[in-house]
>>> print(open('input_9.txt').read())   # compact mmCIF, C-alpha atoms
# COMPACT_ATOMS: atom_id res chain seq x y z
CA MET A 1 -1.52 -19.58 -23.96
CA THR A 2 -1.46 -15.88 -24.71
CA SER A 3 1.21 -13.42 -25.71
CA THR A 4 1.82 -12.38 -22.13
CA ALA A 5 5.06 -12.90 -20.31
CA VAL A 6 3.48 -15.98 -18.79
CA SER A 7 4.83 -17.93 -21.73
CA SER A 8 7.88 -15.97 -22.74
CA ARG A 9 9.43 -14.93 -19.44
CA LEU A 10 9.39 -17.97 -17.20
CA THR A 11 13.16 -17.88 -16.85
CA GLU A 12 15.41 -17.67 -13.83
CA GLU A 13 16.84 -14.30 -14.85
CA ALA A 14 14.41 -11.41 -14.87
CA GLU A 15 14.17 -9.46 -18.09
CA PRO A 16 13.75 -5.70 -18.22
CA GLU A 17 10.24 -4.44 -18.78
CA ARG A 18 9.24 -3.54 -22.31
CA PRO A 19 10.63 -0.07 -22.94
CA GLU A 20 8.49 2.85 -23.99
CA THR A 21 8.28 3.66 -27.64
CA ALA A 22 11.03 6.07 -28.64
CA PRO A 23 9.73 9.65 -28.84
CA ALA A 24 9.10 10.93 -32.35
CA SER A 25 9.10 14.58 -31.37
CA ARG A 26 9.82 16.83 -28.46
CA TRP A 27 6.13 16.63 -27.47
CA ALA A 28 6.08 12.84 -27.45
CA TRP A 29 6.67 12.82 -23.68
CA VAL A 30 2.96 13.57 -23.35
CA ASN A 31 2.31 9.98 -24.42
CA GLY A 32 4.95 8.53 -22.09
CA ASP A 33 4.28 6.49 -18.97
CA TYR A 34 4.74 9.32 -16.49
CA ALA A 35 2.42 11.74 -18.29
CA ARG A 36 -0.31 9.20 -18.98
CA VAL A 37 -0.27 7.79 -15.45
CA PHE A 38 -0.32 11.30 -14.00
CA ALA A 39 -3.41 12.13 -16.07
CA VAL A 40 -5.15 8.98 -14.81
CA VAL A 41 -4.18 9.55 -11.17
CA LEU A 42 -5.15 13.24 -11.27
CA ALA A 43 -8.54 12.35 -12.76
CA TRP A 44 -8.95 9.67 -10.09
CA HIS A 45 -8.32 12.19 -7.30
CA VAL A 46 -10.69 14.70 -8.90
CA VAL A 47 -13.43 12.08 -9.02
CA LEU A 48 -12.97 11.36 -5.31
CA ILE A 49 -13.17 15.08 -4.53
CA ALA A 50 -16.34 15.32 -6.63
CA VAL A 51 -17.92 12.35 -4.83
CA ALA A 52 -17.18 13.94 -1.48
CA TYR A 53 -18.57 17.30 -2.64
CA LEU A 54 -21.79 15.71 -3.93
CA PHE A 55 -22.56 13.16 -1.21
CA ALA A 56 -21.01 14.38 2.03
CA PRO A 57 -23.32 17.39 2.66
CA SER A 58 -26.51 15.31 2.43
CA SER A 59 -25.30 12.23 4.31
CA PRO A 60 -25.55 11.39 8.03
CA VAL A 61 -22.33 12.04 9.92
CA SER A 62 -20.51 10.24 12.72
CA GLU A 63 -17.65 10.63 15.19
CA GLY A 64 -14.81 10.46 12.66
CA ILE A 65 -15.38 14.10 11.67
CA PRO A 66 -13.41 16.54 13.86
CA LYS A 67 -15.67 18.73 15.98
CA THR A 68 -13.51 21.83 15.50
CA GLY A 69 -10.49 22.93 13.53
CA ILE A 70 -9.06 21.17 10.49
CA GLY A 71 -11.50 18.86 8.75
CA SER A 72 -14.57 20.16 10.61
CA THR A 73 -15.67 22.53 7.85
CA MET A 74 -16.94 21.90 4.31
CA SER A 75 -13.74 22.93 2.55
CA LEU A 76 -12.67 21.19 -0.65
CA LEU A 77 -10.26 18.79 1.07
CA ALA A 78 -11.84 18.53 4.53
CA HIS A 79 -13.15 15.06 3.66
CA THR A 80 -9.58 13.70 3.60
CA TYR A 81 -9.11 14.51 7.30
CA ARG A 82 -10.96 11.76 9.15
CA TRP A 83 -10.09 9.33 11.95
CA ASP A 84 -6.32 8.63 12.05
CA ALA A 85 -5.63 11.62 9.81
CA GLY A 86 -5.82 13.74 12.95
CA ASN A 87 -2.79 11.93 14.37
CA TYR A 88 -0.76 12.57 11.22
CA GLY A 89 -1.83 16.21 11.28
CA GLU A 90 -0.76 16.55 14.89
CA ILE A 91 2.68 15.14 14.05
CA ALA A 92 3.06 17.44 11.02
CA VAL A 93 2.32 20.50 13.16
CA HIS A 94 3.69 19.64 16.61
CA ALA A 95 5.85 16.53 16.02
CA TYR A 96 5.52 14.21 19.02
CA THR A 97 5.45 16.89 21.71
CA GLY A 98 1.75 16.49 22.52
CA SER A 99 0.38 14.59 25.50
CA TYR A 100 -1.83 12.20 23.48
CA ALA A 101 0.24 9.00 23.61
CA PRO A 102 -1.43 7.07 20.71
CA THR A 103 -0.07 9.65 18.26
CA ARG A 104 3.36 8.12 18.80
CA ALA A 105 2.18 4.90 17.13
CA PHE A 106 2.18 6.70 13.77
CA TYR A 107 5.46 6.92 11.89
CA PRO A 108 6.88 10.32 10.86
CA VAL A 109 7.72 10.03 7.11
CA PHE A 110 4.37 11.19 5.74
CA PRO A 111 3.95 14.05 8.28
CA ILE A 112 7.53 15.20 7.62
CA LEU A 113 6.83 15.33 3.87
CA VAL A 114 3.69 17.37 4.54
CA TRP A 115 5.70 19.73 6.73
CA LEU A 116 8.37 20.06 4.01
CA VAL A 117 5.77 20.98 1.38
CA GLN A 118 4.31 23.59 3.69
CA THR A 119 7.77 24.94 4.46
CA VAL A 120 8.79 25.12 0.80
CA SER A 121 5.56 26.98 0.04
CA PHE A 122 6.49 29.52 2.76
CA GLY A 123 3.26 28.72 4.56
CA THR A 124 1.00 29.58 1.62
CA LEU A 125 -0.30 26.00 1.52
CA GLY A 126 -2.47 24.76 4.33
CA LEU A 127 -2.06 21.39 5.98
CA LEU A 128 -4.67 19.64 3.85
CA ALA A 129 -3.42 21.13 0.58
CA ALA A 130 0.13 20.06 1.40
CA GLY A 131 -1.08 16.57 2.28
CA PHE A 132 -3.04 16.36 -0.95
CA LEU A 133 0.03 17.31 -3.01
CA VAL A 134 2.14 14.70 -1.21
CA ASN A 135 -0.46 12.01 -1.83
CA LEU A 136 -1.03 13.07 -5.43
CA VAL A 137 2.67 12.72 -6.23
CA ALA A 138 3.01 9.53 -4.18
CA THR A 139 -0.01 7.88 -5.83
CA TRP A 140 1.36 8.89 -9.22
CA LEU A 141 4.78 7.41 -8.51
CA ALA A 142 3.25 4.24 -7.04
CA ALA A 143 1.11 3.75 -10.15
CA VAL A 144 4.07 4.38 -12.48
CA ALA A 145 6.14 1.78 -10.63
CA LEU A 146 3.26 -0.69 -10.73
CA LEU A 147 2.87 -0.17 -14.49
CA LYS A 148 6.54 -0.91 -15.01
CA ILE A 149 6.40 -3.88 -12.65
CA GLY A 150 3.51 -5.18 -14.74
CA ARG A 151 5.75 -5.13 -17.80
CA HIS A 152 8.08 -7.57 -16.08
CA PHE A 153 5.26 -10.08 -15.95
CA PHE A 154 3.21 -9.29 -19.06
CA ASP A 155 3.86 -8.35 -22.67
CA GLY A 156 1.72 -5.78 -24.46
CA GLU A 157 0.15 -2.66 -23.00
CA ARG A 158 -3.27 -3.80 -21.82
CA ALA A 159 -2.25 -6.15 -18.99
CA PRO A 160 0.18 -3.77 -17.18
CA TRP A 161 -2.46 -1.05 -17.23
CA LEU A 162 -4.96 -3.49 -15.76
CA VAL A 163 -2.54 -4.02 -12.86
CA VAL A 164 -2.68 -0.26 -12.23
CA ALA A 165 -6.47 -0.34 -12.52
CA ALA A 166 -6.64 -3.11 -9.93
CA PHE A 167 -4.61 -0.91 -7.56
CA LEU A 168 -6.75 2.21 -8.03
CA THR A 169 -10.04 0.30 -7.68
CA ALA A 170 -9.07 -1.73 -4.61
CA PRO A 171 -11.73 -1.50 -1.88
CA ALA A 172 -9.45 0.62 0.32
CA ALA A 173 -7.82 2.63 -2.49
CA PHE A 174 -9.42 5.87 -1.30
CA PHE A 175 -6.91 5.91 1.57
CA LEU A 176 -4.35 6.91 -1.08
CA HIS A 177 -6.39 10.10 -1.40
CA SER A 178 -6.91 10.67 2.32
CA PHE A 179 -4.56 12.33 4.81
CA TYR A 180 -2.93 8.98 5.53
CA SER A 181 0.49 7.46 4.81
CA GLU A 182 -0.71 4.71 2.44
CA ALA A 183 0.28 6.49 -0.79
CA VAL A 184 3.83 7.24 0.37
CA PHE A 185 4.30 3.69 1.66
CA CYS A 186 3.06 2.16 -1.61
CA ALA A 187 5.26 4.46 -3.71
CA LEU A 188 8.41 3.57 -1.78
CA GLY A 189 7.59 -0.14 -1.63
CA PHE A 190 6.71 -0.49 -5.31
CA TRP A 191 9.80 1.40 -6.47
CA ALA A 192 12.05 -0.67 -4.20
CA TYR A 193 10.68 -3.85 -5.78
CA LEU A 194 10.96 -2.38 -9.28
CA PHE A 195 14.63 -1.54 -8.68
CA ALA A 196 15.14 -5.12 -7.45
CA LEU A 197 13.54 -6.47 -10.64
CA ARG A 198 15.91 -4.25 -12.62
CA ARG A 199 18.87 -5.43 -10.52
CA GLN A 200 19.56 -1.83 -9.50
CA TRP A 201 20.60 -2.73 -5.97
CA LEU A 202 21.92 0.69 -5.01
CA TRP A 203 18.63 2.41 -5.78
CA MET A 204 16.71 -0.44 -4.19
CA GLY A 205 18.65 -0.02 -0.94
CA LEU A 206 18.28 3.75 -0.90
CA THR A 207 14.52 3.36 -1.35
CA LEU A 208 14.18 0.71 1.35
CA ILE A 209 15.74 2.99 3.98
CA PRO A 210 12.91 5.58 4.05
CA LEU A 211 10.43 2.72 3.59
CA THR A 212 11.42 1.13 6.93
CA ALA A 213 10.96 4.56 8.51
CA SER A 214 7.38 4.63 7.21
CA ARG A 215 5.95 1.67 9.15
CA ILE A 216 7.12 -1.60 10.63
CA THR A 217 5.42 -3.69 7.91
CA ALA A 218 8.13 -2.46 5.55
CA ALA A 219 9.95 -5.61 6.67
CA VAL A 220 7.90 -7.65 4.18
CA PHE A 221 9.12 -5.44 1.31
CA VAL A 222 12.70 -5.89 2.50
CA GLY A 223 12.05 -9.62 2.38
CA LEU A 224 10.50 -9.36 -1.09
CA CYS A 225 13.53 -7.52 -2.44
CA PHE A 226 15.88 -9.98 -0.76
CA LEU A 227 14.08 -12.91 -2.41
CA GLU A 228 14.31 -11.17 -5.78
CA PHE A 229 18.02 -10.62 -5.16
CA TRP A 230 18.47 -14.31 -4.34
CA ARG A 231 16.44 -15.32 -7.41
CA SER A 232 18.79 -13.23 -9.54
CA LYS A 233 21.54 -15.55 -8.26
CA ASN A 234 19.53 -18.63 -9.37
CA TRP A 235 18.74 -19.42 -5.72
CA LYS A 236 22.36 -20.45 -5.09
CA LEU A 237 23.74 -19.89 -1.60
CA ARG A 238 27.12 -18.84 -2.98
CA GLY A 239 25.30 -16.17 -4.95
CA LEU A 240 24.61 -14.43 -1.64
CA LEU A 241 28.35 -13.79 -1.25
CA SER A 242 28.00 -10.30 -2.67
CA TRP A 243 28.41 -6.91 -1.09
CA HIS A 244 24.94 -6.02 -2.43
CA LEU A 245 23.57 -8.30 0.29
CA LEU A 246 24.52 -5.61 2.81
CA TRP A 247 21.71 -3.39 1.53
CA PHE A 248 19.15 -5.52 3.34
CA PRO A 249 20.39 -4.92 6.89
CA VAL A 250 21.27 -1.35 5.90
CA ALA A 251 17.61 -0.87 4.91
CA PHE A 252 16.68 -0.85 8.59
CA LEU A 253 18.65 2.34 9.14
CA GLY A 254 15.33 4.04 8.45
CA LEU A 255 13.73 2.29 11.40
CA GLY A 256 16.82 3.08 13.46
CA ALA A 257 16.44 6.76 12.60
CA VAL A 258 12.83 6.64 13.83
CA LEU A 259 13.97 5.11 17.13
CA VAL A 260 16.54 7.87 17.58
CA TYR A 261 13.99 10.53 16.65
CA MET A 262 11.45 9.13 19.12
CA LYS A 263 14.12 9.06 21.84
CA ILE A 264 14.83 12.73 21.23
CA GLN A 265 11.16 13.71 21.03
CA THR A 266 9.66 11.58 23.80
CA GLY A 267 12.52 10.14 25.82
CA ASP A 268 11.53 6.61 24.79
CA ALA A 269 13.11 5.12 21.67
CA PHE A 270 10.37 2.48 21.53
CA ALA A 271 7.51 4.93 22.01
CA SER A 272 5.97 3.85 18.70
CA PHE A 273 5.73 0.26 19.95
CA ASN A 274 4.50 1.20 23.44
CA ALA A 275 2.09 3.97 22.45
CA LEU A 276 -1.11 1.90 22.56
CA LYS A 277 -0.43 0.10 25.83
CA GLY A 278 -2.99 1.03 28.45
CA VAL A 279 -5.18 2.97 25.99
CA LYS A 280 -8.70 1.61 26.42
CA SER A 281 -9.92 2.45 22.90
CA TRP A 282 -6.99 0.49 21.43
CA SER A 283 -7.11 -2.42 23.87
CA TYR A 284 -7.70 -4.94 21.06
CA HIS A 285 -4.13 -4.27 19.86
CA HIS A 286 -1.60 -6.47 21.61
CA PHE A 287 1.17 -8.67 20.30
CA ASP A 288 0.18 -12.32 19.98
CA PRO A 289 2.38 -14.76 18.05
CA ASN A 290 -0.51 -17.26 17.93
CA ILE A 291 -1.41 -16.22 14.39
CA LEU A 292 -3.44 -19.36 13.65
CA GLY A 293 -5.49 -18.74 16.79
CA THR A 294 -6.18 -15.18 15.71
CA LEU A 295 -7.19 -16.25 12.21
CA TRP A 296 -9.42 -19.03 13.56
CA GLY A 297 -11.16 -16.65 15.95
CA GLU A 298 -11.69 -14.07 13.20
CA ALA A 299 -12.88 -16.78 10.79
CA LYS A 300 -15.56 -17.86 13.30
CA ILE A 301 -16.76 -14.27 13.74
CA THR A 302 -16.87 -13.83 9.96
CA GLY A 303 -18.60 -17.16 9.37
CA HIS A 304 -21.32 -16.52 11.97
CA ALA A 305 -21.95 -13.07 10.51
CA LEU A 306 -22.15 -14.31 6.92
CA LEU A 307 -24.46 -17.19 7.91
CA GLY A 308 -26.76 -14.85 9.81
CA ASP A 309 -26.06 -16.42 13.21
CA THR A 310 -24.96 -13.05 14.54
CA ARG A 311 -25.92 -9.53 13.53
CA MET A 312 -23.86 -8.05 10.70
CA ASP A 313 -23.36 -4.59 12.16
CA ALA A 314 -21.01 -1.97 10.75
CA TRP A 315 -18.13 -2.86 13.09
CA THR A 316 -18.37 -6.56 12.27
CA LEU A 317 -18.43 -5.85 8.54
CA MET A 318 -15.61 -3.32 8.48
CA SER A 319 -13.32 -4.80 11.15
CA HIS A 320 -13.83 -8.54 10.75
CA VAL A 321 -15.59 -9.63 7.56
CA LEU A 322 -13.92 -7.38 4.97
CA PRO A 323 -10.41 -7.85 6.42
CA MET A 324 -10.85 -11.65 6.50
CA ILE A 325 -12.10 -11.70 2.90
CA GLY A 326 -9.05 -9.63 1.97
CA LEU A 327 -6.67 -12.00 3.74
CA ALA A 328 -8.32 -14.99 2.05
CA LEU A 329 -7.89 -13.35 -1.35
CA LEU A 330 -4.26 -12.53 -0.53
CA PHE A 331 -3.61 -16.19 0.32
CA VAL A 332 -5.31 -17.44 -2.85
CA SER A 333 -3.44 -14.86 -4.96
CA SER A 334 -0.10 -15.88 -3.47
CA VAL A 335 -0.74 -19.57 -4.11
CA TYR A 336 -1.89 -18.85 -7.67
CA VAL A 337 1.17 -16.74 -8.50
CA LEU A 338 3.45 -19.44 -7.05
CA VAL A 339 1.80 -22.17 -9.14
CA ALA A 340 1.50 -20.12 -12.34
CA LEU A 341 4.89 -18.42 -12.38
CA ARG A 342 6.92 -20.98 -10.45
CA SER A 343 10.41 -19.64 -9.71
CA LYS A 344 9.61 -16.16 -10.94
CA GLY A 345 6.58 -16.04 -8.68
CA VAL A 346 8.33 -17.22 -5.51
CA PRO A 347 9.27 -13.72 -4.22
CA LEU A 348 5.76 -12.31 -4.70
CA ALA A 349 4.09 -15.43 -3.29
CA LEU A 350 6.24 -15.51 -0.15
CA PHE A 351 5.70 -11.76 0.17
CA GLY A 352 1.96 -12.45 0.32
CA PHE A 353 2.33 -15.21 2.90
CA ALA A 354 4.63 -13.04 5.02
CA ALA A 355 2.15 -10.16 4.84
CA ILE A 356 -0.58 -12.42 6.26
CA VAL A 357 1.68 -13.24 9.21
CA MET A 358 2.76 -9.63 9.72
CA LEU A 359 -0.80 -8.26 9.60
CA THR A 360 -2.21 -10.70 12.15
CA MET A 361 0.45 -10.48 14.87
CA ASN A 362 -1.56 -7.87 16.79
CA SER A 363 -4.27 -10.39 17.78
CA ASN A 364 -6.85 -8.81 15.44
CA VAL A 365 -7.53 -7.91 11.81
CA VAL A 366 -8.94 -4.42 12.31
CA SER A 367 -8.02 -2.17 9.34
CA VAL A 368 -6.28 -5.05 7.56
CA HIS A 369 -8.21 -4.35 4.34
CA ARG A 370 -6.41 -1.00 4.32
CA TYR A 371 -3.04 -2.56 5.05
CA LEU A 372 -3.52 -4.89 2.07
CA LEU A 373 -3.20 -1.96 -0.38
CA PRO A 374 0.57 -2.43 -0.85
CA CYS A 375 0.16 -6.18 -1.47
CA LEU A 376 0.77 -6.00 -5.20
CA VAL A 377 0.72 -9.79 -5.55
CA MET A 378 -3.08 -9.53 -5.55
CA TYR A 379 -3.10 -7.17 -8.53
CA VAL A 380 -0.64 -9.27 -10.50
CA ALA A 381 -2.58 -12.46 -9.72
CA LEU A 382 -5.89 -11.00 -10.89
CA VAL A 383 -4.51 -9.88 -14.24
CA LEU A 384 -2.47 -13.05 -14.61
CA PHE A 385 -5.65 -15.09 -14.24
CA GLY A 386 -7.27 -13.24 -17.13
CA GLU A 387 -4.19 -13.42 -19.33
CA ARG A 388 -3.81 -17.16 -18.87
CA ARG A 389 -7.51 -17.72 -19.61
CA PRO A 390 -8.53 -15.32 -22.39
CA GLN A 391 -12.11 -16.59 -22.30
CA LEU A 392 -12.41 -15.28 -18.73
CA ARG A 393 -10.86 -11.87 -19.29
CA GLY A 394 -14.28 -10.32 -18.93
CA ALA A 395 -14.39 -11.64 -15.37
CA VAL A 396 -11.35 -9.50 -14.54
CA HIS A 397 -13.21 -6.38 -15.62
CA VAL A 398 -16.22 -7.46 -13.57
CA VAL A 399 -13.99 -7.80 -10.50
CA LEU A 400 -12.51 -4.34 -11.11
CA TYR A 401 -16.00 -2.86 -11.41
CA ALA A 402 -17.21 -4.63 -8.27
CA ASN A 403 -14.12 -3.47 -6.37
CA ALA A 404 -14.76 0.11 -7.47
CA LEU A 405 -18.33 -0.07 -6.17
CA VAL A 406 -17.18 -1.44 -2.83
CA CYS A 407 -14.49 1.24 -2.67
CA GLY A 408 -17.08 3.93 -3.37
CA ALA A 409 -19.42 2.64 -0.67
CA ILE A 410 -16.68 2.50 1.98
CA TYR A 411 -15.38 5.91 0.88
CA VAL A 412 -18.77 7.53 1.48
CA ARG A 413 -18.72 6.05 4.96
CA PHE A 414 -15.24 7.44 5.54
CA ILE A 415 -15.91 11.00 4.39
CA THR A 416 -19.03 11.20 6.58
CA GLY A 417 -17.10 10.13 9.65
CA PHE A 418 -18.19 6.50 9.93
CA TRP A 419 -15.56 3.86 10.65
CA ALA A 420 -14.01 2.57 7.42
CA GLY A 421 -10.78 0.97 8.58
>>> encode(input="input_9.txt", output="structure tokens")
Amino acid sequence: MTSTAVSSRLTEEAEPERPETAPASRWAWVNGDYARVFAVVLAWHVVLIAVAYLFAPSSPVSEGIPKTGIGSTMSLLAHTYRWDAGNYGEIAVHAYTGSYAPTRAFYPVFPILVWLVQTVSFGTLGLLAAGFLVNLVATWLAAVALLKIGRHFFDGERAPWLVVAAFLTAPAAFFLHSFYSEAVFCALGFWAYLFALRRQWLWMGLTLIPLTASRITAAVFVGLCFLEFWRSKNWKLRGLLSWHLLWFPVAFLGLGAVLVYMKIQTGDAFASFNALKGVKSWSYHHFDPNILGTLWGEAKITGHALLGDTRMDAWTLMSHVLPMIGLALLFVSSVYVLVALRSKGVPLALFGFAAIVMLTMNSNVVSVHRYLLPCLVMYVALVLFGERRPQLRGAVHVVLYANALVCGAIYVRFITGFWAG
């Protein structure tokens, strides 16, 4: 057994994360969590810009690159504007007043933040620059929260930073850099869970409200925070007799605000849920509660492709094989955390199981490897494995390196307009 929290913190009551060292001077903030994480995240974004600058001009291109307008040129941030980014850009500029119905399937929090940054800059910042600033800050805040969450599960400095490294090297991590809502969603979700771990229920509730306005899968984070709240009461039913419990239904005020906003904008409060109906290119998206059937069908496609029975083309790899591998790893991670941490791991484990259900209710697993980014149980499980087995710590670094290579390969596909999820 190591010096991690695996041995010292398996108690019913969560303990606060290890505090930062007290500053010795007025410049000591430079060595604090926020400054160090910001330096890492900024460098990470710069590397992604450099990769795009070096590889995009000489690579084949595909349909994901806009033919005209934003993202069609070779500007410094044009590579962030691919595929669904166009829908977010349309919302940021024109809200939901356009005639293209699928745009309504995308939630407004990220586009509104982009619009606010542009407005505050008095129009001096373009759409892509504003989006980059939003995602830079959101990725920074998400990583800070993840570092502090790591300190609830591990002692020392190395392990919590490895949790952050696992997040930034995830195969779909580049979507945090792109003109997508992943970074904002992760930041809100991670901070909501951190506040729950700290038993700061007011701040948790206030963070969950905009989270549920970000996308419907926020429901799994509401569930995660609820389970952490219940665990703080030692899993006793009478412990739920607290006014803090009201924060969980109140959290869905964010979703309610989206419904009202969509009613005002489009005349249909449920436009986000109905946007893809009848759209041929999105016909694979339809609600199907037969989750086991969906998983079995996807498993057969993945198995035949991996065994060479069917051709492993780009669509099969990106929309079936990689998502199914991700879901399998999420399941294994959830089981491992449950077994290793017992009561303390119950919220994260059930969060992982619930995410599998939530992400397969649309009868397919397309883009699921991207939707797995907020599933922090996978990052905790990976580091936990290495901390419980010191002789295999090197394997954790190998996994991080392999993930980074996969992320880089998919990222090059994305910036050149090929489908990447």
>>> closest_residue(input="input_9.txt", among="A:Gln118, A:Thr103, A:Ser242, A:Ser178", to="Trp201 in chain A", atoms="only C-alpha atoms")
A:Ser242
>>> closest_residue(input="input_9.txt", among="A:Glu298, A:Glu387, A:Asp33, A:Asp313", to="Leu147 in chain A", atoms="only C-alpha atoms")
A:Asp33
>>> closest_residue(input="input_9.txt", among="A:Asp155, A:Phe287, A:Glu182, A:Ser59", to="Leu372 in chain A", atoms="all atoms listed in the file")
A:Glu182
>>> closest_residue(input="input_9.txt", among="A:Ser181, A:Ser232, A:Asn274, A:Thr316", to="Ala213 in chain A", atoms="only C-alpha atoms")
A:Ser181
>>> residues_near_point(input="input_9.txt", point="(21.6, -1.1, 5.9)", cutoff="12 Å", atoms="all atoms listed in the file", output="VMD selection string")
chain A and resid 202 204 to 210 212 222 243 to 257
>>> closest_residue(input="input_9.txt", among="A:Asn364, A:Trp203, A:Leu146, A:Ala183", to="Asn290 in chain A", atoms="only C-alpha atoms")
A:Asn364
>>> atom_distance(input="input_9.txt", atom1="CA of Leu373 in chain A", atom2="CA of Ala196 in chain A")
19.9 Å
>>> atom_distance(input="input_9.txt", atom1="CA of Ala129 in chain A", atom2="CA of Asn403 in chain A")
27.7 Å
>>> residues_around(input="input_9.txt", residues="Val137 in chain A", least_positions_apart="6", cutoff="12 Å", atoms="only C-alpha atoms", output="list in words")
Tyr34, Val37, Phe38, Ala39, Val41, Leu42, His45, Leu113, Val114, Val117, Ala130, Gly131, Ala143, Val144, Leu176, His177, Ala183, Val184, Cys186, Ala187 and Leu188 of chain A
>>> atom_distance(input="input_9.txt", atom1="CA of Pro108 in chain A", atom2="CA of Tyr371 in chain A")
17.3 Å
>>> axis_aligned_box(input="input_9.txt", around="range 170-178 of chain A", padding_each_side="5 Å", output="lines of an AutoDock Vina configuration file")
center_x = -8.0
center_y = 4.5
center_z = -1.1
size_x = 17.4
size_y = 22.4
size_z = 16.9
>>> residues_around(input="input_9.txt", residues="Phe175 in chain A", least_positions_apart="6", cutoff="12 Å", atoms="only C-alpha atoms", output="PyMOL selection string")
chain A and resi 45+48+79-85+132+135-136+139+167-169+181-186+367+369-374+407-408+410-412+414-415+420-421
>>> closest_residue(input="input_9.txt", among="A:Val47, A:Pro160, A:Arg36, A:Arg231", to="Lys344 in chain A", atoms="only C-alpha atoms")
A:Arg231
>>> residues_around(input="input_9.txt", residues="Met262 in chain A", least_positions_apart="4", cutoff="9 Å", atoms="only C-alpha atoms", output="list in words")
Tyr96, Arg104, Ala257, Val258, Thr266, Gly267, Asp268, Ala269, Phe270, Ala271 and Ser272 of chain A
>>> residues_near_point(input="input_9.txt", point="(-6.5, -10.2, -20.9)", cutoff="12 Å", atoms="all atoms listed in the file", output="PyMOL selection string")
chain A and resi 1-6+154-163+380+382-397
>>> build_atoms(input="input_9.txt", residues="range 52-56 of chain A", atoms="all heavy atoms", output="compact mmCIF listing (two decimals), in the coordinates of the input")
# COMPACT_ATOMS: atom_id res chain seq x y z
N ALA A 52 -17.06 13.36 -2.82
CA ALA A 52 -17.18 13.94 -1.48
C ALA A 52 -18.03 15.22 -1.52
O ALA A 52 -18.87 15.45 -0.63
CB ALA A 52 -15.79 14.25 -0.92
N TYR A 53 -17.83 16.04 -2.52
CA TYR A 53 -18.57 17.30 -2.64
C TYR A 53 -20.06 17.05 -2.85
O TYR A 53 -20.92 17.78 -2.32
CB TYR A 53 -18.00 18.11 -3.81
CG TYR A 53 -18.65 19.46 -4.00
CD1 TYR A 53 -18.28 20.54 -3.19
CD2 TYR A 53 -19.63 19.65 -4.97
CE1 TYR A 53 -18.88 21.78 -3.36
CE2 TYR A 53 -20.23 20.89 -5.15
CZ TYR A 53 -19.85 21.94 -4.34
OH TYR A 53 -20.46 23.17 -4.51
N LEU A 54 -20.38 15.99 -3.60
CA LEU A 54 -21.79 15.71 -3.93
C LEU A 54 -22.53 14.97 -2.82
O LEU A 54 -23.70 15.25 -2.56
CB LEU A 54 -21.86 14.87 -5.22
CG LEU A 54 -21.44 15.59 -6.51
CD1 LEU A 54 -21.38 14.59 -7.66
CD2 LEU A 54 -22.40 16.72 -6.83
N PHE A 55 -21.85 14.03 -2.14
CA PHE A 55 -22.56 13.16 -1.21
C PHE A 55 -22.39 13.55 0.26
O PHE A 55 -23.30 13.30 1.06
CB PHE A 55 -22.09 11.71 -1.40
CG PHE A 55 -22.56 11.09 -2.68
CD1 PHE A 55 -21.74 11.09 -3.79
CD2 PHE A 55 -23.81 10.53 -2.77
CE1 PHE A 55 -22.16 10.52 -4.99
CE2 PHE A 55 -24.26 9.96 -3.95
CZ PHE A 55 -23.43 9.95 -5.06
N ALA A 56 -21.26 14.11 0.61
CA ALA A 56 -21.01 14.38 2.03
C ALA A 56 -22.04 15.33 2.66
O ALA A 56 -22.52 15.08 3.77
CB ALA A 56 -19.60 14.92 2.22
